[in-house]
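Asks: My structure file protein_26.cif, mmCIF, C-alpha atoms; chains and numbers go by the auth columns, is below:
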```cif
data_target
#
loop_
_atom_site.group_PDB
_atom_site.id
_atom_site.type_symbol
_atom_site.label_atom_id
_atom_site.label_comp_id
_atom_site.label_asym_id
_atom_site.label_seq_id
_atom_site.Cartn_x
_atom_site.Cartn_y
_atom_site.Cartn_z
_atom_site.B_iso_or_equiv
_atom_site.auth_seq_id
_atom_site.auth_asym_id
ATOM 1 C CA MET A 1 5.891 96.270 30.954 0.00 262 A
ATOM 2 C CA GLN A 2 2.884 98.162 29.533 0.00 263 A
ATOM 3 C CA LYS A 3 3.210 101.932 29.803 0.00 264 A
ATOM 4 C CA VAL A 4 0.637 103.496 32.121 0.00 265 A
ATOM 5 C CA ALA A 5 -1.123 106.519 30.615 0.00 266 A
ATOM 6 C CA GLY A 6 -0.285 109.686 32.530 0.00 267 A
ATOM 7 C CA ALA A 7 2.361 108.009 34.666 0.00 268 A
ATOM 8 C CA GLU A 8 5.016 110.669 34.120 0.00 269 A
ATOM 9 C CA GLU A 9 2.693 113.594 34.891 0.00 270 A
ATOM 10 C CA ILE A 10 1.310 111.952 38.026 0.00 271 A
ATOM 11 C CA LYS A 11 4.707 110.847 39.328 0.00 272 A
ATOM 12 C CA LYS A 12 6.133 114.342 38.912 0.00 273 A
ATOM 13 C CA LEU A 13 3.295 115.707 41.017 0.00 274 A
ATOM 14 C CA TYR A 14 3.767 112.889 43.518 0.00 275 A
ATOM 15 C CA VAL A 15 7.356 114.003 44.131 0.00 276 A
ATOM 16 C CA VAL A 16 6.258 117.615 44.631 0.00 277 A
ATOM 17 C CA LEU A 17 3.144 116.890 46.702 0.00 278 A
ATOM 18 C CA LYS A 18 4.138 113.907 48.844 0.00 279 A
ATOM 19 C CA GLU A 19 5.358 116.021 51.763 0.00 280 A
ATOM 20 C CA PRO A 20 2.274 118.292 52.025 0.00 281 A
ATOM 21 C CA ILE A 21 -0.001 115.279 51.559 0.00 282 A
ATOM 22 C CA ASP A 22 1.826 113.449 54.351 0.00 283 A
ATOM 23 C CA ARG A 23 1.319 116.472 56.607 0.00 284 A
ATOM 24 C CA ARG A 24 -2.393 116.434 55.890 0.00 285 A
ATOM 25 C CA LEU A 25 -2.563 112.686 56.521 0.00 286 A
ATOM 26 C CA GLU A 26 -0.833 113.228 59.861 0.00 287 A
ATOM 27 C CA GLU A 27 -3.622 115.660 60.754 0.00 288 A
ATOM 28 C CA PHE A 28 -6.146 112.940 59.946 0.00 289 A
ATOM 29 C CA LYS A 29 -4.175 110.462 62.051 0.00 290 A
ATOM 30 C CA ALA A 30 -4.242 112.898 64.981 0.00 291 A
ATOM 31 C CA ILE A 31 -8.051 113.057 64.745 0.00 292 A
ATOM 32 C CA TRP A 32 -8.163 109.275 64.943 0.00 293 A
ATOM 33 C CA LEU A 33 -5.773 109.057 67.878 0.00 294 A
ATOM 34 C CA ARG A 34 -7.709 111.692 69.847 0.00 295 A
ATOM 35 C CA PHE A 35 -11.029 110.017 69.006 0.00 296 A
ATOM 36 C CA ASN A 36 -13.030 112.916 70.368 0.00 297 A
ATOM 37 C CA GLU A 37 -16.576 111.885 69.502 0.00 298 A
ATOM 38 C CA LEU A 38 -17.816 115.395 68.725 0.00 299 A
ATOM 39 C CA GLU A 39 -14.795 116.054 66.504 0.00 300 A
ATOM 40 C CA ILE A 40 -15.516 112.792 64.669 0.00 301 A
ATOM 41 C CA ILE A 41 -19.141 113.856 64.186 0.00 302 A
ATOM 42 C CA TYR A 42 -18.102 117.207 62.741 0.00 303 A
ATOM 43 C CA GLU A 43 -15.888 115.386 60.230 0.00 304 A
ATOM 44 C CA LEU A 44 -18.936 113.330 59.272 0.00 305 A
ATOM 45 C CA ILE A 45 -21.038 116.495 58.940 0.00 306 A
ATOM 46 C CA PHE A 46 -18.409 117.991 56.622 0.00 307 A
ATOM 47 C CA CYS A 47 -18.652 114.977 54.319 0.00 308 A
ATOM 48 C CA LEU A 48 -22.449 115.036 54.551 0.00 309 A
ATOM 49 C CA LEU A 49 -22.420 118.630 53.256 0.00 310 A
ATOM 50 C CA THR A 50 -20.163 118.002 50.251 0.00 311 A
ATOM 51 C CA PRO A 51 -22.540 116.577 47.598 0.00 312 A
ATOM 52 C CA GLN A 52 -22.704 119.136 44.753 0.00 313 A
ATOM 53 C CA SER A 53 -21.005 121.740 46.958 0.00 314 A
ATOM 54 C CA LYS A 54 -17.441 123.047 47.093 0.00 315 A
ATOM 55 C CA ALA A 55 -15.356 121.470 49.861 0.00 316 A
ATOM 56 C CA LYS A 56 -13.989 124.816 51.056 0.00 317 A
ATOM 57 C CA ILE A 57 -17.491 126.260 51.503 0.00 318 A
ATOM 58 C CA CYS A 58 -18.566 123.084 53.323 0.00 319 A
ATOM 59 C CA TRP A 59 -15.632 123.314 55.732 0.00 320 A
ATOM 60 C CA GLU A 60 -16.378 126.991 56.353 0.00 321 A
ATOM 61 C CA ALA A 61 -19.944 125.938 57.204 0.00 322 A
ATOM 62 C CA VAL A 62 -18.603 123.361 59.676 0.00 323 A
ATOM 63 C CA LEU A 63 -16.494 126.040 61.359 0.00 324 A
ATOM 64 C CA LYS A 64 -19.610 128.233 61.667 0.00 325 A
ATOM 65 C CA LEU A 65 -21.560 125.312 63.146 0.00 326 A
ATOM 66 C CA LYS A 66 -18.802 124.764 65.699 0.00 327 A
ATOM 67 C CA GLU A 67 -18.540 128.430 66.644 0.00 328 A
ATOM 68 C CA ALA A 68 -22.317 128.730 67.099 0.00 329 A
ATOM 69 C CA ASN A 69 -22.666 125.345 68.859 0.00 330 A
ATOM 70 C CA ALA A 70 -25.440 124.830 66.327 0.00 331 A
ATOM 71 C CA PHE A 71 -25.220 121.037 66.185 0.00 332 A
ATOM 72 C CA GLU A 72 -25.163 120.706 69.960 0.00 333 A
ATOM 73 C CA SER A 73 -28.101 123.105 70.432 0.00 334 A
ATOM 74 C CA GLY A 74 -30.319 121.386 67.893 0.00 335 A
ATOM 75 C CA ASP A 75 -31.515 124.770 66.612 0.00 336 A
ATOM 76 C CA LYS A 76 -32.462 124.006 62.988 0.00 337 A
ATOM 77 C CA ASP A 77 -32.739 127.679 62.024 0.00 338 A
ATOM 78 C CA LEU A 78 -29.229 128.288 63.341 0.00 339 A
ATOM 79 C CA VAL A 79 -27.921 125.237 61.479 0.00 340 A
ATOM 80 C CA MET A 80 -29.555 126.477 58.269 0.00 341 A
ATOM 81 C CA LYS A 81 -27.975 129.908 58.754 0.00 342 A
ATOM 82 C CA CYS A 82 -24.536 128.293 59.145 0.00 343 A
ATOM 83 C CA LEU A 83 -25.007 126.407 55.867 0.00 344 A
ATOM 84 C CA SER A 84 -25.060 129.609 53.814 0.00 345 A
ATOM 85 C CA GLY A 85 -23.435 128.847 50.449 0.00 346 A
ATOM 86 C CA VAL A 86 -23.878 125.069 50.754 0.00 347 A
ATOM 87 C CA ARG A 87 -26.219 123.586 48.152 0.00 348 A
ATOM 88 C CA PHE A 88 -29.480 121.963 49.256 0.00 349 A
ATOM 89 C CA PRO A 89 -29.309 123.470 52.772 0.00 350 A
ATOM 90 C CA THR A 90 -32.862 122.394 53.663 0.00 351 A
ATOM 91 C CA ASN A 91 -32.160 118.710 53.028 0.00 352 A
ATOM 92 C CA LYS A 92 -28.753 118.881 54.675 0.00 353 A
ATOM 93 C CA THR A 93 -30.163 120.654 57.739 0.00 354 A
ATOM 94 C CA ARG A 94 -32.627 117.783 58.038 0.00 355 A
ATOM 95 C CA TYR A 95 -29.828 115.210 57.735 0.00 356 A
ATOM 96 C CA ILE A 96 -27.859 117.013 60.463 0.00 357 A
ATOM 97 C CA ALA A 97 -30.960 117.019 62.700 0.00 358 A
ATOM 98 C CA GLU A 98 -31.410 113.275 62.164 0.00 359 A
ATOM 99 C CA LEU A 99 -27.731 112.688 62.895 0.00 360 A
ATOM 100 C CA ARG A 100 -28.004 114.739 66.102 0.00 361 A
ATOM 101 C CA LYS A 101 -30.993 112.663 67.192 0.00 362 A
ATOM 102 C CA LYS A 102 -28.951 109.484 66.717 0.00 363 A
ATOM 103 C CA VAL A 103 -25.969 110.886 68.617 0.00 364 A
ATOM 104 C CA TRP A 104 -27.976 112.285 71.540 0.00 365 A
ATOM 105 C CA SER A 105 -30.100 109.127 71.887 0.00 366 A
ATOM 106 C CA ASP A 106 -26.969 106.928 71.927 0.00 367 A
ATOM 107 C CA GLU A 107 -28.090 105.260 68.679 0.00 368 A
ATOM 108 C CA PHE A 108 -24.722 106.275 67.253 0.00 369 A
ATOM 109 C CA LYS A 109 -22.701 104.524 69.982 0.00 370 A
ATOM 110 C CA PRO A 110 -22.556 101.217 68.067 0.00 371 A
ATOM 111 C CA LEU A 111 -21.160 103.156 65.089 0.00 372 A
ATOM 112 C CA PHE A 112 -18.449 104.714 67.253 0.00 373 A
ATOM 113 C CA GLU A 113 -17.600 101.214 68.480 0.00 374 A
ATOM 114 C CA LEU A 114 -17.617 99.894 64.910 0.00 375 A
ATOM 115 C CA LEU A 115 -15.105 102.558 63.867 0.00 376 A
ATOM 116 C CA LYS A 116 -12.728 101.293 66.551 0.00 377 A
ATOM 117 C CA LEU A 117 -13.023 97.628 65.564 0.00 378 A
ATOM 118 C CA ASP A 118 -10.275 95.901 63.600 0.00 379 A
ATOM 119 C CA VAL A 119 -12.492 95.184 60.595 0.00 380 A
ATOM 120 C CA SER A 120 -12.237 96.207 56.961 0.00 381 A
ATOM 121 C CA PRO A 121 -12.950 99.874 56.181 0.00 382 A
ATOM 122 C CA THR A 122 -15.325 98.624 53.469 0.00 383 A
ATOM 123 C CA ILE A 123 -17.501 97.018 56.165 0.00 384 A
ATOM 124 C CA LYS A 124 -17.502 100.270 58.140 0.00 385 A
ATOM 125 C CA ARG A 125 -18.433 102.124 54.965 0.00 386 A
ATOM 126 C CA ASP A 126 -21.378 99.815 54.257 0.00 387 A
ATOM 127 C CA VAL A 127 -22.764 100.386 57.753 0.00 388 A
ATOM 128 C CA LEU A 128 -22.369 104.168 57.551 0.00 389 A
ATOM 129 C CA VAL A 129 -24.226 104.274 54.223 0.00 390 A
ATOM 130 C CA LYS A 130 -27.028 102.193 55.706 0.00 391 A
ATOM 131 C CA GLU A 131 -27.314 104.021 59.034 0.00 392 A
ATOM 132 C CA VAL A 132 -26.602 107.701 58.295 0.00 393 A
ATOM 133 C CA LYS A 133 -29.138 109.610 56.211 0.00 394 A
ATOM 134 C CA GLY A 134 -27.507 111.680 53.470 0.00 395 A
ATOM 135 C CA ILE A 135 -24.314 109.607 53.371 0.00 396 A
ATOM 136 C CA GLY A 136 -23.521 107.628 50.220 0.00 397 A
ATOM 137 C CA TYR A 137 -20.434 105.640 49.264 0.00 398 A
ATOM 138 C CA LYS A 138 -18.459 108.723 48.238 0.00 399 A
ATOM 139 C CA GLU A 139 -19.254 110.584 51.454 0.00 400 A
ATOM 140 C CA ALA A 140 -18.602 107.545 53.667 0.00 401 A
ATOM 141 C CA SER A 141 -15.261 106.924 51.919 0.00 402 A
ATOM 142 C CA HIS A 142 -14.340 110.596 52.347 0.00 403 A
ATOM 143 C CA PHE A 143 -15.215 110.521 56.050 0.00 404 A
ATOM 144 C CA LEU A 144 -13.233 107.349 56.735 0.00 405 A
ATOM 145 C CA ARG A 145 -10.215 108.774 54.886 0.00 406 A
ATOM 146 C CA ASN A 146 -10.447 112.007 56.854 0.00 407 A
ATOM 147 C CA ILE A 147 -10.328 110.148 60.161 0.00 408 A
ATOM 148 C CA TRP A 148 -7.345 108.083 58.932 0.00 409 A
ATOM 149 C CA ILE A 149 -8.936 104.632 58.700 0.00 410 A
ATOM 150 C CA GLY A 150 -10.018 104.661 55.033 0.00 411 A
ATOM 151 C CA ARG A 151 -6.835 105.712 53.298 0.00 412 A
ATOM 152 C CA ASP A 152 -7.171 103.131 50.510 0.00 413 A
ATOM 153 C CA LEU A 153 -10.810 103.844 49.694 0.00 414 A
ATOM 154 C CA ALA A 154 -11.757 105.757 46.545 0.00 415 A
ATOM 155 C CA ILE A 155 -13.511 109.099 47.013 0.00 416 A
ATOM 156 C CA LEU A 156 -15.236 109.243 43.651 0.00 417 A
ATOM 157 C CA ASP A 157 -16.153 112.905 43.403 0.00 418 A
ATOM 158 C CA ARG A 158 -16.284 114.839 40.120 0.00 419 A
ATOM 159 C CA HIS A 159 -12.576 115.778 40.309 0.00 420 A
ATOM 160 C CA ILE A 160 -11.490 112.164 40.704 0.00 421 A
ATOM 161 C CA LEU A 161 -13.881 110.853 38.054 0.00 422 A
ATOM 162 C CA LYS A 162 -12.711 113.512 35.590 0.00 423 A
ATOM 163 C CA ASN A 163 -9.096 112.414 35.999 0.00 424 A
ATOM 164 C CA LEU A 164 -9.911 108.708 35.881 0.00 425 A
ATOM 165 C CA LYS A 165 -11.533 109.441 32.528 0.00 426 A
ATOM 166 C CA LYS A 166 -8.620 111.659 31.430 0.00 427 A
ATOM 167 C CA PHE A 167 -6.104 108.866 32.043 0.00 428 A
ATOM 168 C CA GLY A 168 -8.253 106.190 30.405 0.00 429 A
ATOM 169 C CA VAL A 169 -9.136 104.320 33.597 0.00 430 A
ATOM 170 C CA ILE A 170 -12.857 104.739 32.900 0.00 431 A
ATOM 171 C CA SER A 171 -14.891 105.900 29.910 0.00 432 A
ATOM 172 C CA GLY A 172 -18.262 107.494 29.286 0.00 433 A
ATOM 173 C CA GLU A 173 -20.472 109.488 31.620 0.00 434 A
ATOM 174 C CA VAL A 174 -20.741 108.391 35.244 0.00 435 A
ATOM 175 C CA ARG A 175 -24.019 109.340 36.914 0.00 436 A
ATOM 176 C CA ASN A 176 -26.198 107.973 39.709 0.00 437 A
ATOM 177 C CA ILE A 177 -23.571 105.474 40.841 0.00 438 A
ATOM 178 C CA SER A 178 -24.977 102.299 42.404 0.00 439 A
ATOM 179 C CA LYS A 179 -23.029 100.373 45.045 0.00 440 A
ATOM 180 C CA ARG A 180 -22.003 97.792 42.438 0.00 441 A
ATOM 181 C CA ARG A 181 -20.805 100.483 40.037 0.00 442 A
ATOM 182 C CA TYR A 182 -18.983 102.359 42.807 0.00 443 A
ATOM 183 C CA LEU A 183 -17.059 99.242 43.804 0.00 444 A
ATOM 184 C CA GLU A 184 -16.218 98.540 40.165 0.00 445 A
ATOM 185 C CA LEU A 185 -14.847 102.069 39.678 0.00 446 A
ATOM 186 C CA GLU A 186 -12.975 101.851 42.968 0.00 447 A
ATOM 187 C CA GLU A 187 -11.343 98.616 41.835 0.00 448 A
ATOM 188 C CA ARG A 188 -10.263 100.250 38.572 0.00 449 A
ATOM 189 C CA MET A 189 -8.760 103.201 40.432 0.00 450 A
ATOM 190 C CA THR A 190 -6.983 100.816 42.816 0.00 451 A
ATOM 191 C CA ASP A 191 -5.529 98.833 39.893 0.00 452 A
ATOM 192 C CA PHE A 192 -4.366 102.087 38.288 0.00 453 A
ATOM 193 C CA SER A 193 -2.754 103.103 41.589 0.00 454 A
ATOM 194 C CA VAL A 194 -0.871 99.797 41.783 0.00 455 A
ATOM 195 C CA LYS A 195 0.347 100.047 38.176 0.00 456 A
ATOM 196 C CA LEU A 196 1.568 103.600 38.808 0.00 457 A
ATOM 197 C CA GLY A 197 3.253 102.687 42.077 0.00 458 A
ATOM 198 C CA VAL A 198 1.430 105.598 43.749 0.00 459 A
ATOM 199 C CA GLU A 199 -0.681 104.646 46.771 0.00 460 A
ATOM 200 C CA MET A 200 -4.384 105.517 46.786 0.00 461 A
ATOM 201 C CA LYS A 201 -3.956 107.912 49.706 0.00 462 A
ATOM 202 C CA TYR A 202 -1.682 110.010 47.475 0.00 463 A
ATOM 203 C CA LEU A 203 -3.453 109.495 44.155 0.00 464 A
ATOM 204 C CA ASP A 204 -6.717 110.985 45.419 0.00 465 A
ATOM 205 C CA PHE A 205 -4.976 114.157 46.582 0.00 466 A
ATOM 206 C CA ILE A 206 -2.949 114.400 43.349 0.00 467 A
ATOM 207 C CA PHE A 207 -6.097 114.197 41.212 0.00 468 A
ATOM 208 C CA TRP A 208 -7.786 116.766 43.434 0.00 469 A
ATOM 209 C CA TYR A 209 -4.760 119.059 43.128 0.00 470 A
ATOM 210 C CA MET A 210 -4.856 118.755 39.342 0.00 471 A
ATOM 211 C CA GLU A 211 -8.355 120.244 39.370 0.00 472 A
ATOM 212 C CA THR A 212 -8.125 122.767 42.220 0.00 473 A
ATOM 213 C CA GLY A 213 -4.431 123.542 42.712 0.00 474 A
ATOM 214 C CA LYS A 214 -4.852 122.750 46.409 0.00 475 A
ATOM 215 C CA ILE A 215 -4.346 120.033 49.022 0.00 476 A
ATOM 216 C CA PHE A 216 -7.450 120.278 51.177 0.00 477 A
ATOM 217 C CA LYS A 217 -9.639 117.681 52.887 0.00 478 A
#
```
Translate the structure of the given file into structure tokens.
Replies:
Amino acid sequence: MQKVAGAEEIKKLYVVLKEPIDRRLEEFKAIWLRFNELEIIYELIFCLLTPQSKAKICWEAVLKLKEANAFESGDKDLVMKCLSGVRFPTNKTRYIAELRKKVWSDEFKPLFELLKLDVSPTIKRDVLVKEVKGIGYKEASHFLRNIWIGRDLAILDRHILKNLKKFGVISGEVRNISKRRYLELEERMTDFSVKLGVEMKYLDFIFWYMETGKIFK
């Protein structure tokens, strides 16, 4: 059998990190089982904030939004204030306002129903990318993972891409990823996961830990 580059390093981390990753995944499962619509929306907002911003700062912004009831109130100035430290706050405030309009007008109801349907997470991802302004394939994958139903999707952020390159899964610079390219990279990461014998839901967290030293969201 062909030796997989980086297998030993990744498997050592898998042994150490499996338990804390499982605990985090159980938290995601609890979100899904509760299916509180506002909680689901806040998870989507978190993922909407993450492009070119640190996840920890984005989650802190979500906590501020919750505490101030900023999303519910529709106060754009208050939303903007809560996004302190998040990059591109003007654009992201606008995306949050558009999302709120969808939720309050019941336009989002079909998306809530779609999430509950027994269909492929990739179909749900396609619809989210099409219907939610500011959400691309990375953000939609992240959201679906964080509500438990997209555990095998690739969240191709800079940390993941860096490690895919490090272990020879991909090569060259990866910028402005089209849908076709995203799916190609996701397939490569999935194949790598299978060869390693480490499920995608763990591999993502392991790569993220390699870069940040943390298990987060």
Asks: List the spatial neighbours of Met461 of chain A as a PyMOL selection string - criterion: any atom at most 9 Å away, all atoms listed in the file, same-chain residues fewer than 4 positions off excluded.
Replies: chain A and resi 412-415+450-451+454-455+465-466
Asks: Selected residues, C-alpha atoms, written as a PDB file, in the frame of the given file, please.
Replies:
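Resulting contents of part04.pdb:
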```pdb
ATOM      1  CA  ARG A 412      -6.835 105.712  53.298  1.00  0.00           C
ATOM      2  CA  ASP A 413      -7.171 103.131  50.510  1.00  0.00           C
ATOM      3  CA  LEU A 414     -10.810 103.844  49.694  1.00  0.00           C
ATOM      4  CA  ALA A 415     -11.757 105.757  46.545  1.00  0.00           C
ATOM      5  CA  MET A 450      -8.760 103.201  40.432  1.00  0.00           C
ATOM      6  CA  THR A 451      -6.983 100.816  42.816  1.00  0.00           C
ATOM      7  CA  SER A 454      -2.754 103.103  41.589  1.00  0.00           C
ATOM      8  CA  VAL A 455      -0.871  99.797  41.783  1.00  0.00           C
ATOM      9  CA  ASP A 465      -6.717 110.985  45.419  1.00  0.00           C
ATOM     10  CA  PHE A 466      -4.976 114.157  46.582  1.00  0.00           C
TER      11      PHE A 466
END
```
Asks: Return the single residue from A:Ile421, A:Thr473, A:Glu445, A:Asn407 that is closest to Arg285 of chain A, with distances computed using only C-alpha atoms.
Replies: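 For Arg285 of chain A, the nearest of the candidates is A:Asn407.
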Asks: Looking at all atoms listed in the file, which of A:Met341, A:Ile357, A:Ile416, A:Leu446 is the one that sits closest to Val430 of chain A?
Replies: A:Leu446
Asks: Quick one: of A:Ile410, A:Asn437, A:Cys319, A:Lys423, who's nearest to Ser345 of chain A, counting only C-alpha atoms?
Replies: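 Selected residue with least distance to Ser345 of chain A: A:Cys319.
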Asks: I need the output of the PyMOL selection byres ((chain A and resi 322) around 9) for this file as a PDB file with C-alpha atoms, in the coordinates of the input; which residues are they?
Replies:
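Produced file out.pdb, reproduced below:
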```pdb
ATOM      1  CA  PHE A 307     -18.409 117.991  56.622  1.00  0.00           C
ATOM      2  CA  LEU A 310     -22.420 118.630  53.256  1.00  0.00           C
ATOM      3  CA  LYS A 317     -13.989 124.816  51.056  1.00  0.00           C
ATOM      4  CA  ILE A 318     -17.491 126.260  51.503  1.00  0.00           C
ATOM      5  CA  CYS A 319     -18.566 123.084  53.323  1.00  0.00           C
ATOM      6  CA  TRP A 320     -15.632 123.314  55.732  1.00  0.00           C
ATOM      7  CA  GLU A 321     -16.378 126.991  56.353  1.00  0.00           C
ATOM      8  CA  VAL A 323     -18.603 123.361  59.676  1.00  0.00           C
ATOM      9  CA  LEU A 324     -16.494 126.040  61.359  1.00  0.00           C
ATOM     10  CA  LYS A 325     -19.610 128.233  61.667  1.00  0.00           C
ATOM     11  CA  LEU A 326     -21.560 125.312  63.146  1.00  0.00           C
ATOM     12  CA  LYS A 327     -18.802 124.764  65.699  1.00  0.00           C
ATOM     13  CA  CYS A 343     -24.536 128.293  59.145  1.00  0.00           C
ATOM     14  CA  LEU A 344     -25.007 126.407  55.867  1.00  0.00           C
ATOM     15  CA  SER A 345     -25.060 129.609  53.814  1.00  0.00           C
ATOM     16  CA  GLY A 346     -23.435 128.847  50.449  1.00  0.00           C
ATOM     17  CA  VAL A 347     -23.878 125.069  50.754  1.00  0.00           C
TER      18      VAL A 347
END
```
